[in-house]
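What follows is the content of input-v4.cif (mmCIF, N, CA and C atoms).
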data_my_file
#
loop_
_atom_site.label_atom_id
_atom_site.label_comp_id
_atom_site.auth_asym_id
_atom_site.auth_seq_id
_atom_site.Cartn_x
_atom_site.Cartn_y
_atom_site.Cartn_z
N MET O 10 7.23 12.38 -8.49
CA MET O 10 7.65 13.63 -7.94
C MET O 10 6.68 14.01 -6.82
N ALA O 11 7.23 14.34 -5.68
CA ALA O 11 6.41 14.75 -4.53
C ALA O 11 6.05 16.23 -4.65
N LYS O 12 4.83 16.53 -4.29
CA LYS O 12 4.38 17.93 -4.28
C LYS O 12 3.53 18.16 -3.05
N ILE O 13 3.73 19.30 -2.44
CA ILE O 13 2.82 19.76 -1.39
C ILE O 13 1.78 20.60 -2.09
N ILE O 14 0.52 20.18 -1.99
CA ILE O 14 -0.52 20.88 -2.75
C ILE O 14 -1.15 22.03 -1.99
N GLY O 15 -0.95 22.08 -0.68
CA GLY O 15 -1.53 23.17 0.07
C GLY O 15 -1.50 22.92 1.56
N ALA O 16 -1.84 23.94 2.29
CA ALA O 16 -1.89 23.83 3.75
C ALA O 16 -2.94 24.79 4.28
N LEU O 17 -3.73 24.32 5.19
CA LEU O 17 -4.72 25.13 5.89
C LEU O 17 -4.77 24.66 7.33
N ARG O 18 -5.46 25.40 8.14
CA ARG O 18 -5.65 24.99 9.53
C ARG O 18 -7.06 25.36 9.94
N SER O 19 -7.51 24.73 11.01
CA SER O 19 -8.80 25.10 11.57
C SER O 19 -8.63 26.39 12.37
N ALA O 20 -9.74 26.98 12.73
CA ALA O 20 -9.69 28.16 13.59
C ALA O 20 -9.15 27.79 14.97
N VAL O 21 -8.61 28.76 15.66
CA VAL O 21 -8.12 28.55 17.02
C VAL O 21 -9.21 28.99 17.99
N VAL O 22 -9.57 28.10 18.88
CA VAL O 22 -10.57 28.41 19.90
C VAL O 22 -10.04 27.97 21.26
N PRO O 23 -10.56 28.53 22.33
CA PRO O 23 -10.11 28.11 23.67
C PRO O 23 -10.42 26.64 23.93
N ARG O 24 -9.60 26.04 24.75
CA ARG O 24 -9.85 24.66 25.17
C ARG O 24 -11.26 24.60 25.79
N ALA O 25 -11.99 23.55 25.49
CA ALA O 25 -13.38 23.37 25.92
C ALA O 25 -14.30 24.42 25.29
N GLY O 26 -13.86 24.97 24.14
CA GLY O 26 -14.64 25.99 23.45
C GLY O 26 -15.57 25.40 22.39
N ALA O 27 -15.76 26.16 21.33
CA ALA O 27 -16.74 25.84 20.30
C ALA O 27 -16.53 24.49 19.61
N PHE O 28 -15.30 23.99 19.58
CA PHE O 28 -15.03 22.73 18.89
C PHE O 28 -14.92 21.54 19.84
N SER O 29 -15.19 21.73 21.11
CA SER O 29 -14.96 20.68 22.10
C SER O 29 -15.78 19.42 21.84
N HIS O 30 -16.87 19.54 21.13
CA HIS O 30 -17.72 18.37 20.84
C HIS O 30 -17.26 17.59 19.61
N LEU O 31 -16.25 18.10 18.90
CA LEU O 31 -15.78 17.46 17.67
C LEU O 31 -14.56 16.59 17.93
N SER O 32 -14.48 15.48 17.23
CA SER O 32 -13.25 14.68 17.24
C SER O 32 -12.26 15.33 16.29
N VAL O 33 -11.00 14.93 16.37
CA VAL O 33 -9.98 15.53 15.52
C VAL O 33 -10.31 15.32 14.05
N HIS O 34 -10.80 14.15 13.69
CA HIS O 34 -11.08 13.92 12.27
C HIS O 34 -12.34 14.65 11.81
N GLU O 35 -13.30 14.87 12.69
CA GLU O 35 -14.48 15.66 12.32
C GLU O 35 -14.10 17.12 12.08
N LEU O 36 -13.16 17.62 12.85
CA LEU O 36 -12.69 19.00 12.69
C LEU O 36 -11.81 19.15 11.45
N ALA O 37 -10.99 18.15 11.19
CA ALA O 37 -10.02 18.25 10.09
C ALA O 37 -10.62 17.95 8.72
N ALA O 38 -11.63 17.10 8.64
CA ALA O 38 -12.15 16.67 7.33
C ALA O 38 -12.52 17.84 6.41
N PRO O 39 -13.30 18.83 6.87
CA PRO O 39 -13.63 19.92 5.95
C PRO O 39 -12.41 20.78 5.58
N VAL O 40 -11.44 20.86 6.46
CA VAL O 40 -10.21 21.60 6.16
C VAL O 40 -9.45 20.88 5.04
N ILE O 41 -9.34 19.57 5.16
CA ILE O 41 -8.65 18.77 4.15
C ILE O 41 -9.38 18.85 2.81
N GLN O 42 -10.69 18.76 2.85
CA GLN O 42 -11.48 18.88 1.62
C GLN O 42 -11.27 20.24 0.96
N SER O 43 -11.12 21.29 1.75
CA SER O 43 -10.86 22.63 1.21
C SER O 43 -9.49 22.70 0.54
N VAL O 44 -8.48 22.09 1.15
CA VAL O 44 -7.14 22.07 0.54
C VAL O 44 -7.20 21.39 -0.82
N ILE O 45 -7.87 20.25 -0.87
CA ILE O 45 -7.97 19.50 -2.12
C ILE O 45 -8.73 20.31 -3.17
N ASP O 46 -9.83 20.94 -2.78
CA ASP O 46 -10.61 21.77 -3.71
C ASP O 46 -9.78 22.94 -4.23
N GLN O 47 -9.07 23.63 -3.33
CA GLN O 47 -8.26 24.79 -3.72
C GLN O 47 -7.11 24.39 -4.64
N ALA O 48 -6.58 23.18 -4.44
CA ALA O 48 -5.46 22.71 -5.27
C ALA O 48 -5.94 22.23 -6.64
N GLY O 49 -7.23 21.97 -6.76
CA GLY O 49 -7.76 21.51 -8.04
C GLY O 49 -7.36 20.09 -8.40
N VAL O 50 -7.16 19.25 -7.39
CA VAL O 50 -6.81 17.85 -7.65
C VAL O 50 -7.97 16.95 -7.24
N GLU O 51 -7.95 15.74 -7.75
CA GLU O 51 -8.93 14.74 -7.38
C GLU O 51 -8.39 13.95 -6.20
N THR O 52 -9.28 13.39 -5.40
CA THR O 52 -8.83 12.64 -4.22
C THR O 52 -7.96 11.45 -4.58
N ASP O 53 -8.16 10.87 -5.77
CA ASP O 53 -7.34 9.72 -6.15
C ASP O 53 -5.93 10.11 -6.59
N GLN O 54 -5.64 11.41 -6.63
CA GLN O 54 -4.30 11.88 -6.92
C GLN O 54 -3.48 12.11 -5.65
N VAL O 55 -4.09 11.97 -4.49
CA VAL O 55 -3.41 12.19 -3.21
C VAL O 55 -2.78 10.87 -2.76
N ASP O 56 -1.47 10.91 -2.50
CA ASP O 56 -0.75 9.71 -2.05
C ASP O 56 -0.57 9.67 -0.54
N GLU O 57 -0.44 10.85 0.07
CA GLU O 57 -0.18 10.89 1.51
C GLU O 57 -0.76 12.16 2.10
N LEU O 58 -1.22 12.06 3.33
CA LEU O 58 -1.75 13.20 4.07
C LEU O 58 -0.92 13.37 5.33
N VAL O 59 -0.43 14.58 5.56
CA VAL O 59 0.33 14.88 6.77
C VAL O 59 -0.52 15.81 7.62
N VAL O 60 -0.76 15.42 8.87
CA VAL O 60 -1.60 16.18 9.79
C VAL O 60 -0.82 16.40 11.08
N SER O 61 -0.93 17.59 11.63
CA SER O 61 -0.30 17.88 12.91
C SER O 61 -1.36 18.37 13.88
N ASN O 62 -1.24 17.94 15.12
CA ASN O 62 -2.12 18.49 16.15
C ASN O 62 -1.32 18.68 17.43
N ALA O 63 -1.83 19.51 18.30
CA ALA O 63 -1.08 19.88 19.51
C ALA O 63 -1.34 18.93 20.67
N LEU O 64 -2.52 18.43 20.78
CA LEU O 64 -2.86 17.56 21.90
C LEU O 64 -3.27 16.21 21.34
N GLY O 65 -2.32 15.31 21.28
CA GLY O 65 -2.51 14.01 20.63
C GLY O 65 -3.83 13.34 20.96
N ALA O 66 -4.47 12.87 19.91
CA ALA O 66 -5.77 12.21 20.05
C ALA O 66 -5.62 10.71 20.20
N GLY O 67 -4.40 10.21 20.17
CA GLY O 67 -4.17 8.77 20.23
C GLY O 67 -4.28 8.15 18.86
N GLY O 68 -3.66 7.00 18.69
CA GLY O 68 -3.69 6.33 17.40
C GLY O 68 -2.99 7.16 16.34
N ASN O 69 -3.52 7.13 15.13
CA ASN O 69 -2.96 7.89 14.01
C ASN O 69 -4.04 8.84 13.49
N PRO O 70 -4.12 10.05 14.05
CA PRO O 70 -5.17 11.00 13.63
C PRO O 70 -5.16 11.28 12.13
N ALA O 71 -3.99 11.30 11.50
CA ALA O 71 -3.93 11.59 10.07
C ALA O 71 -4.68 10.54 9.26
N ARG O 72 -4.59 9.30 9.67
CA ARG O 72 -5.31 8.22 8.97
C ARG O 72 -6.82 8.43 9.11
N LEU O 73 -7.28 8.71 10.32
CA LEU O 73 -8.71 8.97 10.53
C LEU O 73 -9.17 10.18 9.74
N CYS O 74 -8.33 11.22 9.69
CA CYS O 74 -8.67 12.44 8.95
C CYS O 74 -8.78 12.16 7.46
N ALA O 75 -7.85 11.38 6.93
CA ALA O 75 -7.87 11.04 5.50
C ALA O 75 -9.17 10.33 5.15
N LEU O 76 -9.55 9.35 5.95
CA LEU O 76 -10.78 8.61 5.69
C LEU O 76 -12.01 9.49 5.84
N ALA O 77 -12.03 10.34 6.86
CA ALA O 77 -13.17 11.24 7.09
C ALA O 77 -13.32 12.27 5.97
N ALA O 78 -12.19 12.63 5.33
CA ALA O 78 -12.21 13.61 4.25
C ALA O 78 -12.55 12.97 2.90
N GLY O 79 -12.76 11.65 2.91
CA GLY O 79 -13.14 10.97 1.67
C GLY O 79 -11.99 10.58 0.78
N LEU O 80 -10.76 10.58 1.31
CA LEU O 80 -9.62 10.15 0.51
C LEU O 80 -9.66 8.63 0.36
N PRO O 81 -9.05 8.10 -0.71
CA PRO O 81 -9.04 6.65 -0.91
C PRO O 81 -8.36 5.93 0.26
N VAL O 82 -8.74 4.67 0.48
CA VAL O 82 -8.21 3.91 1.62
C VAL O 82 -6.71 3.64 1.50
N ASP O 83 -6.13 3.78 0.31
CA ASP O 83 -4.70 3.52 0.16
C ASP O 83 -3.84 4.77 0.39
N VAL O 84 -4.45 5.89 0.77
CA VAL O 84 -3.69 7.11 1.09
C VAL O 84 -3.08 6.96 2.48
N ALA O 85 -1.77 7.11 2.56
CA ALA O 85 -1.07 7.01 3.84
C ALA O 85 -1.33 8.26 4.67
N GLY O 86 -1.38 8.08 5.98
CA GLY O 86 -1.55 9.21 6.90
C GLY O 86 -0.36 9.33 7.81
N LEU O 87 0.23 10.51 7.89
CA LEU O 87 1.37 10.77 8.76
C LEU O 87 0.97 11.82 9.78
N SER O 88 0.97 11.45 11.05
CA SER O 88 0.62 12.38 12.13
C SER O 88 1.89 12.94 12.75
N ILE O 89 1.91 14.24 12.95
CA ILE O 89 3.05 14.92 13.55
C ILE O 89 2.57 15.59 14.84
N ASP O 90 3.27 15.35 15.92
CA ASP O 90 2.92 15.98 17.20
C ASP O 90 4.04 16.94 17.58
N ARG O 91 3.84 18.21 17.27
CA ARG O 91 4.83 19.24 17.58
C ARG O 91 4.25 20.26 18.55
N GLN O 92 3.25 19.86 19.28
CA GLN O 92 2.57 20.74 20.22
C GLN O 92 2.11 22.01 19.51
N CYS O 93 2.29 23.15 20.07
CA CYS O 93 1.74 24.39 19.50
C CYS O 93 2.31 24.70 18.12
N VAL O 94 3.53 24.28 17.84
CA VAL O 94 4.14 24.53 16.54
C VAL O 94 3.37 23.81 15.43
N GLY O 95 2.67 22.73 15.77
CA GLY O 95 1.93 21.97 14.78
C GLY O 95 0.88 22.77 14.06
N GLY O 96 0.40 23.82 14.65
CA GLY O 96 -0.64 24.63 14.02
C GLY O 96 -0.11 25.75 13.16
N LEU O 97 1.19 25.89 13.08
CA LEU O 97 1.75 27.00 12.30
C LEU O 97 1.95 26.63 10.85
#

Please express what this file holds, its structure, as structure tokens.
Amino acid sequence: MAKIIGALRSAVVPRAGAFSHLSVHELAAPVIQSVIDQAGVETDQVDELVVSNALGAGGNPARLCALAAGLPVDVAGLSIDRQCVGGL
């Protein structure tokens, strides 16, 4: 049975602002860890991670985010590029 365990987002800052030195996975990892903590699940219970960003980082950002957040290597990553809607 599929379950969505939670959703969070990073803060919104101006382009070239406070987060400009961070890669997408460095920014997302603590957010993902917070979702997992709030849901009360263990990382080995996560089967898939869905990540959306507005300005594509290339490759599969969701996969990089999953690994940076400490999820097991067999967790699939799905990246969604919906521009500004991706942050809602």

> What does the distance from atom N of O:Lys12 to atom N of O:His34 come to in Å, to one decimal?
Replying inline: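 Going from atom N of O:Lys12 over to atom N of O:His34, I get 23.9 Å.
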
>> If you run DSSP on the backbone here, which positions in chain O get alpha helix (DSSP H)? Please write them as JSON, numbers by chain.
In response: {"O": [33, 34, 35, 36, 37, 38, 39, 40, 41, 42, 43, 44, 45, 46, 47, 48, 70, 71, 72, 73, 74, 75, 76, 77]}

> Which residues come within 7 Å of O:Asn69, counting only N, CA and C atoms, excluding same-chain residues fewer than 5 positions away, as a list in words?
Replying inline: Cys74, Gly86, Leu87 and Ser88 of chain O

>> For the provided coordinates, the residues matched by the PyMOL selection byres (((chain O and resi 37-39 and name CA) around 8) and name CA) should be stated as a list in words.
In response: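 Listing what the PyMOL selection byres (((chain O and resi 37-39 and name CA) around 8) and name CA) selects in the shown file: Ser19, Val33, His34, Glu35, Leu36, Val40, Ile41, Gln42, Ser43, Cys74, Ala75, Ala77 and Ala78 of chain O.
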
Selection from above, N, CA and C atoms, as a PDB file, in the coordinates of the input, can you write it?
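Output file again11.pdb follows:
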ATOM      1  N   SER O  19      -7.510  24.730  11.010  1.00  0.00           N
ATOM      2  CA  SER O  19      -8.800  25.100  11.570  1.00  0.00           C
ATOM      3  C   SER O  19      -8.630  26.390  12.370  1.00  0.00           C
ATOM      4  N   VAL O  33     -11.000  14.930  16.370  1.00  0.00           N
ATOM      5  CA  VAL O  33      -9.980  15.530  15.520  1.00  0.00           C
ATOM      6  C   VAL O  33     -10.310  15.320  14.050  1.00  0.00           C
ATOM      7  N   HIS O  34     -10.800  14.150  13.690  1.00  0.00           N
ATOM      8  CA  HIS O  34     -11.080  13.920  12.270  1.00  0.00           C
ATOM      9  C   HIS O  34     -12.340  14.650  11.810  1.00  0.00           C
ATOM     10  N   GLU O  35     -13.300  14.870  12.690  1.00  0.00           N
ATOM     11  CA  GLU O  35     -14.480  15.660  12.320  1.00  0.00           C
ATOM     12  C   GLU O  35     -14.100  17.120  12.080  1.00  0.00           C
ATOM     13  N   LEU O  36     -13.160  17.620  12.850  1.00  0.00           N
ATOM     14  CA  LEU O  36     -12.690  19.000  12.690  1.00  0.00           C
ATOM     15  C   LEU O  36     -11.810  19.150  11.450  1.00  0.00           C
ATOM     16  N   VAL O  40     -11.440  20.860   6.460  1.00  0.00           N
ATOM     17  CA  VAL O  40     -10.210  21.600   6.160  1.00  0.00           C
ATOM     18  C   VAL O  40      -9.450  20.880   5.040  1.00  0.00           C
ATOM     19  N   ILE O  41      -9.340  19.570   5.160  1.00  0.00           N
ATOM     20  CA  ILE O  41      -8.650  18.770   4.150  1.00  0.00           C
ATOM     21  C   ILE O  41      -9.380  18.850   2.810  1.00  0.00           C
ATOM     22  N   GLN O  42     -10.690  18.760   2.850  1.00  0.00           N
ATOM     23  CA  GLN O  42     -11.480  18.880   1.620  1.00  0.00           C
ATOM     24  C   GLN O  42     -11.270  20.240   0.960  1.00  0.00           C
ATOM     25  N   SER O  43     -11.120  21.290   1.750  1.00  0.00           N
ATOM     26  CA  SER O  43     -10.860  22.630   1.210  1.00  0.00           C
ATOM     27  C   SER O  43      -9.490  22.700   0.540  1.00  0.00           C
ATOM     28  N   CYS O  74      -8.330  11.220   9.690  1.00  0.00           N
ATOM     29  CA  CYS O  74      -8.670  12.440   8.950  1.00  0.00           C
ATOM     30  C   CYS O  74      -8.780  12.160   7.460  1.00  0.00           C
ATOM     31  N   ALA O  75      -7.850  11.380   6.930  1.00  0.00           N
ATOM     32  CA  ALA O  75      -7.870  11.040   5.500  1.00  0.00           C
ATOM     33  C   ALA O  75      -9.170  10.330   5.150  1.00  0.00           C
ATOM     34  N   ALA O  77     -12.030  10.340   6.860  1.00  0.00           N
ATOM     35  CA  ALA O  77     -13.170  11.240   7.090  1.00  0.00           C
ATOM     36  C   ALA O  77     -13.320  12.270   5.970  1.00  0.00           C
ATOM     37  N   ALA O  78     -12.190  12.630   5.330  1.00  0.00           N
ATOM     38  CA  ALA O  78     -12.210  13.610   4.250  1.00  0.00           C
ATOM     39  C   ALA O  78     -12.550  12.970   2.900  1.00  0.00           C
TER      40      ALA O  78
END

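The protein and nucleic acid residues lying at most 6 Å from stretch 45-62 of chain O are Ile14, Ala71, Leu80, Pro81, Asp83, Val84, Ala85, Gly86, Leu87, Ser88, Ile89, Asp90, Arg91, Gln92, Gly95 and Gly96 of chain O, with all atoms listed in the file considered and sequence neighbours fewer than 5 positions away removed.
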
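Going from atom CA of O:Ala20 to atom C of O:Pro70 covers 17.5 Å.
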
Step one, run DSSP on the backbone; step two, keep only residues of chain O assigned to strand (DSSP E or B); then write them as an mmCIF file with N, CA and C atoms, in the frame of the given file.
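Final output, saved to states.cif:
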data_model
loop_
_atom_site.group_PDB
_atom_site.id
_atom_site.type_symbol
_atom_site.label_atom_id
_atom_site.label_comp_id
_atom_site.auth_asym_id
_atom_site.auth_seq_id
_atom_site.Cartn_x
_atom_site.Cartn_y
_atom_site.Cartn_z
ATOM 1 N N GLU O 57 -0.440 10.850 0.070
ATOM 2 C CA GLU O 57 -0.180 10.890 1.510
ATOM 3 C C GLU O 57 -0.760 12.160 2.100
ATOM 4 N N LEU O 58 -1.220 12.060 3.330
ATOM 5 C CA LEU O 58 -1.750 13.200 4.070
ATOM 6 C C LEU O 58 -0.920 13.370 5.330
ATOM 7 N N VAL O 59 -0.430 14.580 5.560
ATOM 8 C CA VAL O 59 0.330 14.880 6.770
ATOM 9 C C VAL O 59 -0.520 15.810 7.620
ATOM 10 N N VAL O 60 -0.760 15.420 8.870
ATOM 11 C CA VAL O 60 -1.600 16.180 9.790
ATOM 12 C C VAL O 60 -0.820 16.400 11.080
ATOM 13 N N SER O 61 -0.930 17.590 11.630
ATOM 14 C CA SER O 61 -0.300 17.880 12.910
ATOM 15 C C SER O 61 -1.360 18.370 13.880
ATOM 16 N N ALA O 85 -1.770 7.110 2.560
ATOM 17 C CA ALA O 85 -1.070 7.010 3.840
ATOM 18 C C ALA O 85 -1.330 8.260 4.670
ATOM 19 N N GLY O 86 -1.380 8.080 5.980
ATOM 20 C CA GLY O 86 -1.550 9.210 6.900
ATOM 21 C C GLY O 86 -0.360 9.330 7.810
ATOM 22 N N LEU O 87 0.230 10.510 7.890
ATOM 23 C CA LEU O 87 1.370 10.770 8.760
ATOM 24 C C LEU O 87 0.970 11.820 9.780
ATOM 25 N N SER O 88 0.970 11.450 11.050
ATOM 26 C CA SER O 88 0.620 12.380 12.130
ATOM 27 C C SER O 88 1.890 12.940 12.750
ATOM 28 N N ILE O 89 1.910 14.240 12.950
ATOM 29 C CA ILE O 89 3.050 14.920 13.550
ATOM 30 C C ILE O 89 2.570 15.590 14.840
#

> In Å, how far is it from atom CA of O:Pro23 to atom CA of O:Gly79?
Replying inline: 28.1 Å

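Using only C-alpha atoms for every distance, the candidate list O:Leu73, O:Val82, O:Val94, O:Ile13 yields O:Leu73 as the residue closest to O:Ser32.
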